file work24.tsv (TSV, C-alpha atoms)
chain	number	residue	atom	x	y	z
A	49	MET	CA	-137.46	-63.33	-14.60
A	50	MET	CA	-137.49	-63.82	-18.37
A	51	SER	CA	-134.13	-65.55	-18.17
A	52	VAL	CA	-135.54	-68.40	-16.03
A	53	LEU	CA	-139.08	-68.60	-17.40
A	54	PRO	CA	-138.43	-71.62	-19.72
A	55	TYR	CA	-136.93	-73.57	-16.81
A	56	LEU	CA	-139.97	-72.77	-14.70
A	57	VAL	CA	-142.20	-73.98	-17.53
A	58	ALA	CA	-140.33	-77.29	-17.42
A	59	VAL	CA	-140.85	-77.47	-13.64
A	60	TRP	CA	-144.54	-76.74	-14.07
A	61	ILE	CA	-144.97	-79.44	-16.74
A	62	PHE	CA	-143.16	-81.93	-14.52
A	63	LEU	CA	-145.33	-81.17	-11.48
A	64	ALA	CA	-148.50	-81.30	-13.58
A	65	GLY	CA	-147.46	-84.76	-14.77
A	66	CYS	CA	-146.75	-85.86	-11.19
A	67	TYR	CA	-150.17	-84.65	-10.08
A	68	GLY	CA	-151.78	-86.65	-12.88
A	69	LEU	CA	-149.77	-89.75	-11.96
A	70	ALA	CA	-150.81	-89.59	-8.32
A	71	THR	CA	-154.50	-88.95	-8.93
A	72	SER	CA	-154.88	-91.22	-11.96
A	73	ARG	CA	-157.78	-93.66	-11.98
A	74	ASN	CA	-156.73	-95.36	-15.17
A	75	LEU	CA	-153.37	-96.94	-15.91
A	76	ILE	CA	-153.38	-95.79	-19.54
A	77	HIS	CA	-154.00	-92.26	-18.31
A	78	ALA	CA	-151.09	-92.75	-15.90
A	79	VAL	CA	-148.79	-93.68	-18.80
A	80	GLY	CA	-149.88	-90.47	-20.51
A	81	CYS	CA	-148.99	-88.54	-17.35
A	82	LEU	CA	-145.59	-90.18	-17.29
A	83	ALA	CA	-145.10	-88.96	-20.85
A	84	VAL	CA	-145.99	-85.45	-19.66
A	85	CYS	CA	-143.33	-85.70	-16.91
A	86	GLN	CA	-140.86	-86.77	-19.55
A	87	ALA	CA	-141.84	-83.87	-21.80
A	88	ALA	CA	-140.66	-81.57	-19.01
A	89	THR	CA	-137.16	-82.94	-19.42
A	90	TYR	CA	-137.24	-82.17	-23.15
A	91	VAL	CA	-138.21	-78.57	-22.41
A	92	LEU	CA	-135.48	-78.28	-19.77
A	93	LEU	CA	-132.77	-79.78	-22.00
A	94	ILE	CA	-133.61	-77.65	-25.02
A	95	ALA	CA	-133.92	-74.52	-22.84
A	96	VAL	CA	-130.48	-75.14	-21.32
A	97	GLY	CA	-128.93	-75.39	-24.77
A	98	TYR	CA	-130.53	-72.28	-26.24
A	99	ARG	CA	-128.48	-69.27	-27.21
A	100	ASP	CA	-130.01	-65.93	-28.22
A	101	GLY	CA	-130.19	-65.43	-31.98
A	102	ALA	CA	-128.61	-68.83	-32.68
A	103	THR	CA	-129.63	-71.38	-35.28
A	104	ALA	CA	-129.67	-75.19	-35.44
A	105	PRO	CA	-126.26	-76.89	-35.14
A	106	VAL	CA	-126.48	-78.28	-38.66
A	107	HIS	CA	-124.09	-77.14	-41.39
A	108	SER	CA	-125.84	-78.55	-44.42
A	109	ASP	CA	-126.95	-75.07	-45.51
A	110	ILE	CA	-124.94	-72.62	-43.44
A	111	GLU	CA	-121.25	-71.77	-43.61
A	112	PRO	CA	-119.42	-73.13	-40.52
A	113	GLY	CA	-118.66	-70.30	-38.13
A	114	SER	CA	-120.94	-67.81	-39.87
A	115	ARG	CA	-123.66	-67.87	-37.22
A	116	PRO	CA	-123.93	-68.73	-33.55
A	117	LEU	CA	-125.29	-72.22	-32.91
A	118	VAL	CA	-127.36	-73.71	-30.13
A	119	ASP	CA	-125.84	-76.51	-28.05
A	120	PRO	CA	-125.92	-79.84	-29.97
A	121	VAL	CA	-125.07	-81.91	-26.89
A	122	VAL	CA	-128.37	-81.27	-25.12
A	123	GLN	CA	-130.24	-81.84	-28.38
A	124	ALA	CA	-128.64	-85.26	-28.66
A	125	LEU	CA	-129.60	-85.90	-25.03
A	126	ALA	CA	-133.20	-84.89	-25.80
A	127	LEU	CA	-133.20	-87.37	-28.68
A	128	THR	CA	-132.03	-90.13	-26.33
A	129	ASP	CA	-134.74	-89.03	-23.95
A	130	VAL	CA	-137.46	-89.29	-26.61
A	131	VAL	CA	-136.36	-92.77	-27.66
A	132	VAL	CA	-136.20	-94.08	-24.12
A	133	GLY	CA	-139.58	-92.46	-23.39
A	134	ALA	CA	-141.19	-94.16	-26.38
A	135	THR	CA	-139.82	-97.58	-25.45
A	136	VAL	CA	-140.88	-97.22	-21.83
A	137	THR	CA	-144.37	-96.23	-22.98
A	138	ALA	CA	-144.58	-99.27	-25.26
A	139	LEU	CA	-143.46	-101.63	-22.51
A	140	LEU	CA	-145.85	-100.13	-19.95
A	141	LEU	CA	-148.78	-100.32	-22.36
A	142	ALA	CA	-147.99	-103.99	-22.97
A	143	LEU	CA	-148.00	-104.56	-19.22
A	144	ILE	CA	-151.33	-102.75	-18.88
A	145	LEU	CA	-152.80	-104.88	-21.63
A	146	GLN	CA	-151.91	-108.00	-19.66
A	147	ILE	CA	-153.18	-106.50	-16.39
A	148	SER	CA	-156.49	-105.67	-18.03
A	149	LYS	CA	-156.77	-109.22	-19.37
A	150	ARG	CA	-155.91	-110.92	-16.08
A	151	HIS	CA	-157.75	-108.61	-13.69
A	152	GLY	CA	-160.44	-107.07	-15.85
A	153	THR	CA	-159.63	-103.55	-14.68
A	154	VAL	CA	-157.12	-100.80	-15.33
A	155	ASP	CA	-157.90	-98.77	-12.21
A	156	PRO	CA	-154.79	-98.81	-10.01
A	157	ASP	CA	-156.90	-98.48	-6.84
A	158	GLU	CA	-158.96	-101.54	-7.63
A	159	LEU	CA	-155.81	-103.48	-8.44
A	160	SER	CA	-154.40	-103.02	-4.97
A	161	GLU	CA	-157.64	-104.38	-3.56
A	162	LEU	CA	-157.57	-107.44	-5.76
A	163	ARG	CA	-154.26	-108.74	-4.56
A	164	GLY	CA	-152.15	-107.84	-1.59
B	947	MET	CA	-154.25	-94.94	2.20
B	948	SER	CA	-157.40	-93.02	1.46
B	949	ARG	CA	-157.69	-90.65	-1.45
B	950	ARG	CA	-157.73	-87.58	0.78
B	951	VAL	CA	-154.59	-88.52	2.66
B	952	ARG	CA	-152.87	-89.30	-0.60
B	953	LEU	CA	-153.79	-85.92	-2.05
B	954	TRP	CA	-152.52	-84.12	1.04
B	955	LEU	CA	-149.27	-86.04	0.91
B	956	LEU	CA	-148.96	-85.18	-2.76
B	957	ALA	CA	-149.64	-81.49	-2.11
B	958	LEU	CA	-147.00	-81.43	0.63
B	959	GLY	CA	-144.36	-83.27	-1.39
B	960	GLY	CA	-145.25	-81.36	-4.55
B	961	ALA	CA	-144.93	-78.01	-2.78
B	962	GLY	CA	-141.54	-78.99	-1.37
B	963	LEU	CA	-140.31	-80.23	-4.72
B	964	ALA	CA	-141.65	-77.12	-6.47
B	965	ALA	CA	-139.81	-74.87	-4.01
B	966	LEU	CA	-136.54	-76.78	-4.46
B	967	LEU	CA	-136.83	-76.81	-8.26
B	968	PHE	CA	-137.70	-73.10	-8.27
B	969	ALA	CA	-134.61	-72.31	-6.21
B	970	ALA	CA	-132.53	-74.49	-8.53
B	971	CYS	CA	-133.88	-72.72	-11.63
B	972	LEU	CA	-132.81	-69.33	-10.25
B	973	GLU	CA	-129.24	-70.61	-10.02
B	974	LEU	CA	-129.13	-71.97	-13.57
B	975	PRO	CA	-127.26	-69.96	-16.20
B	976	GLY	CA	-129.71	-67.54	-17.82
B	977	PHE	CA	-131.85	-68.70	-20.73
B	978	GLY	CA	-130.32	-67.85	-24.10
B	979	GLY	CA	-126.91	-67.11	-22.55
B	980	ASP	CA	-123.74	-67.09	-24.58
B	981	ARG	CA	-121.76	-69.62	-22.59
B	982	HIS	CA	-122.01	-73.20	-23.92
B	983	PRO	CA	-118.58	-74.76	-23.40
B	984	TYR	CA	-119.69	-78.30	-24.26
B	985	GLY	CA	-121.68	-77.19	-27.27
B	986	GLU	CA	-118.78	-75.21	-28.69
B	987	ARG	CA	-116.39	-78.12	-28.27
B	988	ALA	CA	-118.88	-80.55	-29.78
B	989	VAL	CA	-119.39	-78.34	-32.84
B	990	ARG	CA	-115.62	-77.93	-33.26
B	991	GLU	CA	-115.09	-81.70	-33.09
B	992	SER	CA	-117.95	-82.35	-35.48
B	993	LEU	CA	-116.45	-79.93	-38.03
B	994	ALA	CA	-113.00	-81.49	-37.55
B	995	ARG	CA	-114.52	-84.86	-38.49
B	996	ARG	CA	-116.44	-83.31	-41.38
B	997	THR	CA	-119.89	-84.19	-40.07
B	998	ALA	CA	-122.28	-81.42	-41.09
B	999	ASN	CA	-124.98	-82.34	-38.57
B	1000	ALA	CA	-123.42	-81.69	-35.16
B	1001	VAL	CA	-126.25	-83.54	-33.38
B	1002	SER	CA	-125.49	-86.70	-35.37
B	1003	SER	CA	-121.83	-86.25	-34.65
B	1004	VAL	CA	-122.57	-86.15	-30.93
B	1005	ASN	CA	-124.85	-89.17	-31.17
B	1006	PHE	CA	-122.85	-91.46	-33.42
B	1007	ASP	CA	-119.30	-90.29	-32.88
B	1008	GLN	CA	-118.60	-88.37	-29.70
B	1009	ARG	CA	-121.18	-90.23	-27.62
B	1010	ALA	CA	-121.49	-93.36	-29.75
B	1011	PHE	CA	-121.11	-95.58	-26.71
B	1012	ASP	CA	-124.06	-93.88	-25.07
B	1013	THR	CA	-126.13	-94.42	-28.21
B	1014	MET	CA	-125.29	-98.11	-28.00
B	1015	GLY	CA	-126.87	-98.16	-24.56
B	1016	GLU	CA	-129.89	-96.36	-25.95
B	1017	MET	CA	-130.21	-98.92	-28.73
B	1018	THR	CA	-129.91	-101.73	-26.24
B	1019	ILE	CA	-132.76	-100.22	-24.22
B	1020	LEU	CA	-134.88	-100.12	-27.36
B	1021	PHE	CA	-133.95	-103.70	-28.20
B	1022	ALA	CA	-134.72	-104.89	-24.68
B	1023	ALA	CA	-138.06	-103.07	-24.66
B	1024	VAL	CA	-139.05	-104.70	-27.94
B	1025	LEU	CA	-138.03	-108.07	-26.55
B	1026	GLY	CA	-140.07	-107.44	-23.41
B	1027	THR	CA	-143.11	-106.37	-25.40
B	1028	VAL	CA	-142.88	-109.42	-27.65
B	1029	VAL	CA	-142.78	-111.65	-24.57
B	1030	LEU	CA	-145.62	-109.80	-22.81
B	1031	LEU	CA	-147.91	-109.71	-25.82
B	1032	ARG	CA	-147.51	-113.27	-27.04
B	1033	GLN	CA	-150.52	-115.44	-27.59
B	1034	THR	CA	-151.33	-117.35	-24.42
B	1035	ARG	CA	-152.85	-120.79	-24.11
B	1036	ASP	CA	-156.38	-119.56	-23.48
B	1037	GLU	CA	-156.40	-117.40	-26.59
B	1038	HIS	CA	-156.78	-118.08	-30.27
B	1039	ARG	CA	-156.20	-116.17	-33.45
B	1040	ALA	CA	-159.26	-114.99	-35.34
B	1041	GLN	CA	-159.02	-114.10	-38.98
B	1042	PRO	CA	-159.75	-110.37	-39.18
B	1043	ALA	CA	-162.60	-109.53	-41.50
B	1044	PRO	CA	-161.86	-106.88	-44.11
B	1045	ALA	CA	-163.50	-103.64	-43.04
B	1046	HIS	CA	-164.96	-101.02	-45.31
B	1047	VAL	CA	-162.59	-98.11	-45.94
B	1048	ALA	CA	-163.93	-94.80	-47.17
B	1049	PRO	CA	-162.59	-94.21	-50.72
B	1050	PRO	CA	-160.94	-90.84	-49.94
B	1051	VAL	CA	-159.10	-92.38	-46.97
B	1052	ARG	CA	-157.95	-95.28	-49.12
B	1053	ARG	CA	-156.80	-93.00	-51.93
B	1054	TYR	CA	-154.97	-90.64	-49.62
B	1055	ALA	CA	-153.30	-93.42	-47.63
B	1056	LEU	CA	-152.11	-95.25	-50.73
B	1057	ILE	CA	-150.77	-92.05	-52.31
B	1058	THR	CA	-149.01	-90.99	-49.11
B	1059	LEU	CA	-147.48	-94.39	-48.38
B	1060	PRO	CA	-144.63	-94.37	-50.94
B	1061	VAL	CA	-143.92	-90.70	-50.27
B	1062	ALA	CA	-143.74	-91.27	-46.51
B	1063	LEU	CA	-141.54	-94.34	-46.96
B	1064	LEU	CA	-139.17	-92.40	-49.20
B	1065	VAL	CA	-139.06	-89.50	-46.74
B	1066	GLY	CA	-138.18	-91.95	-43.96
B	1067	LEU	CA	-135.34	-93.48	-45.95
B	1068	TYR	CA	-134.14	-90.00	-46.96
B	1069	VAL	CA	-134.09	-88.84	-43.35
B	1070	VAL	CA	-132.02	-91.92	-42.39
B	1071	ALA	CA	-129.61	-91.56	-45.30
B	1072	HIS	CA	-129.01	-87.84	-44.72
B	1073	GLY	CA	-128.73	-88.09	-40.94
B	1074	GLN	CA	-125.11	-86.97	-40.98
B	1075	LEU	CA	-125.90	-83.88	-43.09
B	1076	SER	CA	-129.30	-82.45	-42.34
B	1077	PRO	CA	-131.69	-82.64	-39.37
B	1078	GLY	CA	-132.79	-86.20	-38.74
B	1079	GLY	CA	-130.98	-89.50	-38.50
B	1080	GLY	CA	-131.51	-93.17	-37.86
B	1081	PHE	CA	-133.92	-92.76	-34.97
B	1082	GLN	CA	-136.22	-90.25	-36.60
B	1083	GLY	CA	-136.12	-91.72	-40.11
B	1084	GLY	CA	-136.60	-95.25	-38.83
B	1085	VAL	CA	-139.83	-94.29	-37.10
B	1086	VAL	CA	-141.10	-92.44	-40.20
B	1087	ALA	CA	-140.38	-95.44	-42.45
B	1088	ALA	CA	-141.99	-97.89	-40.05
B	1089	THR	CA	-145.15	-95.85	-39.64
B	1090	ALA	CA	-145.35	-95.32	-43.40
B	1091	LEU	CA	-145.87	-99.07	-43.82
B	1092	HIS	CA	-148.84	-98.89	-41.49
B	1093	LEU	CA	-150.65	-96.53	-43.82
B	1094	LEU	CA	-151.51	-99.74	-45.64
B	1095	TYR	CA	-153.55	-100.78	-42.60
B	1096	LEU	CA	-155.48	-97.52	-42.78
B	1097	GLY	CA	-155.86	-97.57	-46.55
B	1098	ALA	CA	-156.56	-101.26	-47.13
B	1099	ASP	CA	-156.94	-103.77	-44.30
B	1100	TYR	CA	-154.97	-105.80	-41.83
B	1101	ARG	CA	-154.33	-108.73	-44.14
B	1102	ALA	CA	-152.77	-106.44	-46.74
B	1103	LEU	CA	-150.46	-105.09	-44.07
B	1104	GLU	CA	-149.51	-108.59	-42.93
B	1105	ARG	CA	-148.56	-109.51	-46.47
B	1106	VAL	CA	-145.94	-106.75	-46.74
B	1107	ARG	CA	-144.85	-107.17	-43.15
B	1108	PRO	CA	-143.60	-110.63	-42.23
B	1109	VAL	CA	-142.91	-109.94	-38.57
B	1110	GLY	CA	-140.25	-112.64	-38.32
B	1111	LEU	CA	-138.16	-110.89	-40.94
B	1112	TYR	CA	-138.36	-107.60	-39.07
B	1113	GLU	CA	-137.37	-109.30	-35.83
B	1114	VAL	CA	-134.26	-110.57	-37.59
B	1115	GLY	CA	-133.68	-107.09	-39.00
B	1116	ASP	CA	-133.94	-105.60	-35.53
B	1117	ALA	CA	-131.30	-107.99	-34.22
B	1118	LEU	CA	-129.10	-107.44	-37.29
B	1119	GLY	CA	-129.23	-103.65	-36.87
B	1120	THR	CA	-128.19	-103.96	-33.24
B	1121	SER	CA	-125.37	-106.37	-34.06
B	1122	ALA	CA	-124.19	-104.22	-36.97
B	1123	TYR	CA	-123.67	-101.38	-34.51
B	1124	LEU	CA	-121.67	-103.65	-32.20
B	1125	VAL	CA	-119.64	-105.08	-35.06
B	1126	LEU	CA	-118.75	-101.56	-36.24
B	1127	GLY	CA	-117.61	-100.81	-32.70
B	1128	ILE	CA	-115.50	-103.96	-32.51
B	1129	ALA	CA	-114.05	-103.21	-35.95
B	1130	GLY	CA	-112.55	-100.11	-34.38
B	1131	VAL	CA	-110.86	-102.26	-31.74
B	1132	LEU	CA	-109.53	-104.68	-34.36
B	1133	ALA	CA	-108.19	-101.75	-36.39
B	1134	GLY	CA	-106.07	-100.84	-33.40
B	1135	THR	CA	-108.00	-97.93	-31.88
B	1136	ALA	CA	-110.83	-97.88	-29.37
B	1137	PHE	CA	-114.36	-99.30	-29.30
B	1138	LEU	CA	-116.64	-97.15	-31.50
B	1139	ALA	CA	-113.85	-94.62	-32.13
B	1140	ASN	CA	-114.41	-92.81	-35.40
B	1141	THR	CA	-110.99	-93.58	-36.91
B	1142	LEU	CA	-111.91	-96.50	-39.11
B	1143	LEU	CA	-112.81	-94.69	-42.33
B	1144	PRO	CA	-111.60	-91.52	-44.03
B	1145	TYR	CA	-113.70	-88.51	-43.09
B	1146	GLY	CA	-114.50	-87.69	-46.72
B	1147	THR	CA	-115.60	-84.37	-48.19
B	1148	PHE	CA	-117.57	-82.09	-45.90
B	1149	ASN	CA	-121.33	-82.03	-46.55
B	1150	THR	CA	-121.49	-85.06	-48.85
B	1151	LEU	CA	-123.32	-88.33	-48.18
B	1152	SER	CA	-120.16	-90.29	-47.44
B	1153	SER	CA	-118.63	-87.73	-45.06
B	1154	GLY	CA	-118.13	-88.26	-41.35
B	1155	GLY	CA	-116.24	-91.57	-41.20
B	1156	THR	CA	-118.29	-94.22	-39.42
B	1157	VAL	CA	-121.17	-91.84	-38.63
B	1158	PRO	CA	-123.26	-92.73	-41.74
B	1159	LEU	CA	-122.76	-96.45	-41.11
B	1160	LEU	CA	-123.73	-96.31	-37.44
B	1161	ASN	CA	-126.61	-94.06	-38.42
B	1162	ALA	CA	-127.83	-96.61	-40.97
B	1163	ALA	CA	-127.52	-99.45	-38.46
B	1164	VAL	CA	-129.62	-97.48	-35.99
B	1165	GLY	CA	-132.12	-96.59	-38.72
B	1166	MET	CA	-132.58	-100.26	-39.56
B	1167	GLU	CA	-132.91	-101.23	-35.93
B	1168	VAL	CA	-135.43	-98.51	-35.12
B	1169	ALA	CA	-137.55	-99.14	-38.23
B	1170	CYS	CA	-137.69	-102.89	-37.52
B	1171	ALA	CA	-138.29	-102.33	-33.81
B	1172	ALA	CA	-141.20	-99.98	-34.47
B	1173	VAL	CA	-142.73	-102.43	-36.96
B	1174	VAL	CA	-142.41	-105.33	-34.49
B	1175	LEU	CA	-143.83	-103.27	-31.61
B	1176	LEU	CA	-146.81	-102.09	-33.64
B	1177	ALA	CA	-147.36	-105.59	-35.01
B	1178	ARG	CA	-147.60	-107.01	-31.48
B	1179	PHE	CA	-150.08	-104.37	-30.39
B	1180	LEU	CA	-152.14	-104.68	-33.57
B	1181	ASP	CA	-152.20	-108.46	-33.20
B	1182	GLN	CA	-153.69	-108.01	-29.75
B	1183	ALA	CA	-156.24	-105.54	-31.02
B	1184	VAL	CA	-157.23	-107.28	-34.23
B	1185	GLU	CA	-156.41	-110.97	-34.18
B	1186	ILE	CA	-155.94	-112.44	-30.74
B	1187	GLU	CA	-159.16	-113.24	-28.91
B	1188	GLU	CA	-159.89	-115.00	-25.70
B	1189	ASN	CA	-161.36	-118.47	-26.04
B	1190	ALA	CA	-165.12	-118.29	-25.52
B	1191	VAL	CA	-165.35	-121.56	-23.58
B	1192	GLY	CA	-161.81	-121.43	-22.21
B	1193	THR	CA	-161.14	-122.44	-18.67
B	1194	GLU	CA	-160.90	-119.39	-16.47
B	1195	GLU	CA	-157.36	-119.25	-15.24
B	1196	SER	CA	-157.15	-117.18	-12.12
B	1197	GLY	CA	-153.39	-116.82	-12.14
B	1198	GLU	CA	-150.96	-118.16	-9.64
call {"tool": "encode", "arguments": {"input": "work24.tsv", "output": "structure tokens"}}
result
Amino acid sequence: MMSVLPYLVAVWIFLAGCYGLATSRNLIHAVGCLAVCQAATYVLLIAVGYRDGATAPVHSDIEPGSRPLVDPVVQALALTDVVVGATVTALLLALILQISKRHGTVDPDELSELRG
Amino acid sequence: MSRRVRLWLLALGGAGLAALLFAACLELPGFGGDRHPYGERAVRESLARRTANAVSSVNFDQRAFDTMGEMTILFAAVLGTVVLLRQTRDEHRAQPAPAHVAPPVRRYALITLPVALLVGLYVVAHGQLSPGGGFQGGVVAATALHLLYLGADYRALERVRPVGLYEVGDALGTSAYLVLGIAGVLAGTAFLANTLLPYGTFNTLSSGGTVPLLNAAVGMEVACAAVVLLARFLDQAVEIEENAVGTEESGE
């Protein structure tokens, strides 16, 4: 069980984010929930790359080959993930700002009633 | 769809997805296992090209093309935000009034600003050696500038932050990355292949071939992009106001 617990944590974070997205009554809150969903992917990626007793894959202060290293590929992927997440958040918030100006509300339920 | 129905649908779909993901997790290789074929190869390659930070080597050398896509996403998102948050016809710009800042906040912000800026530049410059890189350092440097907004006021920030210049910097950073890629083609190898420059001495600033250059290009792009993004949002919050007697436009 211990060997899959971090993956299950990622699943749980993802589902919690999905629940928030579906029940959200505020678009800004929904963007926060999307960020939670995305955080699940960070946890999953980093968990996949972990190796027991290993250190960071950076050789600025350790001798190459002297210690086991965690997987740098998934760490790079997590970095990509963070950057894309931040840009998506910025773009969505800009959209919400315009929605709030044009419609005077940020409740997704009211928005569907305003315009078909 | 009513709220109840939606919740039931969510519970059903969520339960199904949870079951599938749970089953998938049980089949994954165990957490902390010793088998990382890609990681081992990536570290070997990074050492062969004398890049001390294997993550940077993956980002700017082994998967440099992928990072170009990532940069393009960032660039496109900034472009989209600039378009979305521009001043519309029924809005005007109000001059923000200087607000009172508590002396301790002002002191702390102004002391931290140069330190934070330096840390950001350090993180960019040492991306190929120690943890960090263009993405992380760029964000630190860009946010450091905004300490001026906290410590002084918006006009002080605008003085050190001509947005137009940063927009140009954003575009220049993106093009620099492309140009470095094309330079590889002109030199007779492949696009973004790390064969252009000598690999240098391991664990020094100039090691890693094109990695430090690509890293710097990304650092510039990210710093400028973050400044432009924040500037657009701050403009909306501080300066741009709806016209009081404007005609109510009800959209198309």
call {"tool": "closest_residue", "arguments": {"input": "work24.tsv", "among": "B:Ala1133, B:Leu1143, B:Ala1183, B:Leu1059", "to": "chain A", "atoms": "only C-alpha atoms"}}
result
B:Ala1183
call {"tool": "atom_distance", "arguments": {"input": "work24.tsv", "atom1": "atom CA of B:Met1166", "atom2": "atom CA of B:Val1114"}}
result
10.6 Å
call {"tool": "residues_around", "arguments": {"input": "work24.tsv", "residues": "stretch 78-92 of chain A", "least_positions_apart": "4", "cutoff": "8 Å", "atoms": "only C-alpha atoms", "output": "list in words"}}
result
Pro54, Tyr55, Val57, Ala58, Val59, Trp60, Ile61, Phe62, Leu63, Ala64, Gly65, Cys66, Gly68, Leu69, Ser72, Arg73, Asn74, Val96, Ala126, Asp129, Val130, Gly133, Thr137, Leu140 and Leu141 of chain A
call {"tool": "write_last_selection", "arguments": {"input": "work24.tsv", "atoms": "C-alpha atoms", "output": "mmCIF file, in the coordinates of the input"}}
result
data_model
loop_
_atom_site.group_PDB
_atom_site.id
_atom_site.type_symbol
_atom_site.label_atom_id
_atom_site.label_comp_id
_atom_site.auth_asym_id
_atom_site.auth_seq_id
_atom_site.Cartn_x
_atom_site.Cartn_y
_atom_site.Cartn_z
ATOM 1 C CA PRO A 54 -138.430 -71.620 -19.720
ATOM 2 C CA TYR A 55 -136.930 -73.570 -16.810
ATOM 3 C CA VAL A 57 -142.200 -73.980 -17.530
ATOM 4 C CA ALA A 58 -140.330 -77.290 -17.420
ATOM 5 C CA VAL A 59 -140.850 -77.470 -13.640
ATOM 6 C CA TRP A 60 -144.540 -76.740 -14.070
ATOM 7 C CA ILE A 61 -144.970 -79.440 -16.740
ATOM 8 C CA PHE A 62 -143.160 -81.930 -14.520
ATOM 9 C CA LEU A 63 -145.330 -81.170 -11.480
ATOM 10 C CA ALA A 64 -148.500 -81.300 -13.580
ATOM 11 C CA GLY A 65 -147.460 -84.760 -14.770
ATOM 12 C CA CYS A 66 -146.750 -85.860 -11.190
ATOM 13 C CA GLY A 68 -151.780 -86.650 -12.880
ATOM 14 C CA LEU A 69 -149.770 -89.750 -11.960
ATOM 15 C CA SER A 72 -154.880 -91.220 -11.960
ATOM 16 C CA ARG A 73 -157.780 -93.660 -11.980
ATOM 17 C CA ASN A 74 -156.730 -95.360 -15.170
ATOM 18 C CA VAL A 96 -130.480 -75.140 -21.320
ATOM 19 C CA ALA A 126 -133.200 -84.890 -25.800
ATOM 20 C CA ASP A 129 -134.740 -89.030 -23.950
ATOM 21 C CA VAL A 130 -137.460 -89.290 -26.610
ATOM 22 C CA GLY A 133 -139.580 -92.460 -23.390
ATOM 23 C CA THR A 137 -144.370 -96.230 -22.980
ATOM 24 C CA LEU A 140 -145.850 -100.130 -19.950
ATOM 25 C CA LEU A 141 -148.780 -100.320 -22.360
#
call {"tool": "closest_residue", "arguments": {"input": "work24.tsv", "among": "A:Arg99, A:His77, A:His151, A:His107", "to": "B:Ala1000", "atoms": "only C-alpha atoms"}}
result
A:His107
call {"tool": "residues_near_point", "arguments": {"input": "work24.tsv", "point": "(-136.8, -95.2, -41.8)", "cutoff": "8 Å", "atoms": "all atoms listed in the file", "output": "MDAnalysis selection string"}}
result
chainID B and resid 1063 1065:1070 1080:1088 1165:1166 1168:1169
call {"tool": "write_last_selection", "arguments": {"input": "work24.tsv", "atoms": "C-alpha atoms", "output": "mmCIF file, keeping the file's coordinate frame"}}
result
data_model
loop_
_atom_site.group_PDB
_atom_site.id
_atom_site.type_symbol
_atom_site.label_atom_id
_atom_site.label_comp_id
_atom_site.auth_asym_id
_atom_site.auth_seq_id
_atom_site.Cartn_x
_atom_site.Cartn_y
_atom_site.Cartn_z
ATOM 1 C CA LEU B 1063 -141.540 -94.340 -46.960
ATOM 2 C CA VAL B 1065 -139.060 -89.500 -46.740
ATOM 3 C CA GLY B 1066 -138.180 -91.950 -43.960
ATOM 4 C CA LEU B 1067 -135.340 -93.480 -45.950
ATOM 5 C CA TYR B 1068 -134.140 -90.000 -46.960
ATOM 6 C CA VAL B 1069 -134.090 -88.840 -43.350
ATOM 7 C CA VAL B 1070 -132.020 -91.920 -42.390
ATOM 8 C CA GLY B 1080 -131.510 -93.170 -37.860
ATOM 9 C CA PHE B 1081 -133.920 -92.760 -34.970
ATOM 10 C CA GLN B 1082 -136.220 -90.250 -36.600
ATOM 11 C CA GLY B 1083 -136.120 -91.720 -40.110
ATOM 12 C CA GLY B 1084 -136.600 -95.250 -38.830
ATOM 13 C CA VAL B 1085 -139.830 -94.290 -37.100
ATOM 14 C CA VAL B 1086 -141.100 -92.440 -40.200
ATOM 15 C CA ALA B 1087 -140.380 -95.440 -42.450
ATOM 16 C CA ALA B 1088 -141.990 -97.890 -40.050
ATOM 17 C CA GLY B 1165 -132.120 -96.590 -38.720
ATOM 18 C CA MET B 1166 -132.580 -100.260 -39.560
ATOM 19 C CA VAL B 1168 -135.430 -98.510 -35.120
ATOM 20 C CA ALA B 1169 -137.550 -99.140 -38.230
#
call {"tool": "residues_around", "arguments": {"input": "work24.tsv", "residues": "stretch 113-118 of chain A", "least_positions_apart": "5", "cutoff": "10 Å", "atoms": "all atoms listed in the file", "output": "PDB file with C-alpha atoms, in the frame of the given file"}}
result
ATOM      1  CA  ILE A  94    -133.610 -77.650 -25.020  1.00  0.00           C
ATOM      2  CA  ALA A  95    -133.920 -74.520 -22.840  1.00  0.00           C
ATOM      3  CA  VAL A  96    -130.480 -75.140 -21.320  1.00  0.00           C
ATOM      4  CA  GLY A  97    -128.930 -75.390 -24.770  1.00  0.00           C
ATOM      5  CA  TYR A  98    -130.530 -72.280 -26.240  1.00  0.00           C
ATOM      6  CA  ARG A  99    -128.480 -69.270 -27.210  1.00  0.00           C
ATOM      7  CA  ASP A 100    -130.010 -65.930 -28.220  1.00  0.00           C
ATOM      8  CA  GLY A 101    -130.190 -65.430 -31.980  1.00  0.00           C
ATOM      9  CA  ALA A 102    -128.610 -68.830 -32.680  1.00  0.00           C
ATOM     10  CA  THR A 103    -129.630 -71.380 -35.280  1.00  0.00           C
ATOM     11  CA  ALA A 104    -129.670 -75.190 -35.440  1.00  0.00           C
ATOM     12  CA  PRO A 105    -126.260 -76.890 -35.140  1.00  0.00           C
ATOM     13  CA  VAL A 106    -126.480 -78.280 -38.660  1.00  0.00           C
ATOM     14  CA  HIS A 107    -124.090 -77.140 -41.390  1.00  0.00           C
ATOM     15  CA  GLN A 123    -130.240 -81.840 -28.380  1.00  0.00           C
TER      16      GLN A 123
ATOM     17  CA  GLY B 978    -130.320 -67.850 -24.100  1.00  0.00           C
ATOM     18  CA  ASP B 980    -123.740 -67.090 -24.580  1.00  0.00           C
ATOM     19  CA  HIS B 982    -122.010 -73.200 -23.920  1.00  0.00           C
ATOM     20  CA  GLY B 985    -121.680 -77.190 -27.270  1.00  0.00           C
ATOM     21  CA  GLU B 986    -118.780 -75.210 -28.690  1.00  0.00           C
ATOM     22  CA  VAL B 989    -119.390 -78.340 -32.840  1.00  0.00           C
ATOM     23  CA  ARG B 990    -115.620 -77.930 -33.260  1.00  0.00           C
ATOM     24  CA  LEU B 993    -116.450 -79.930 -38.030  1.00  0.00           C
ATOM     25  CA  ALA B1000    -123.420 -81.690 -35.160  1.00  0.00           C
TER      26      ALA B1000
END
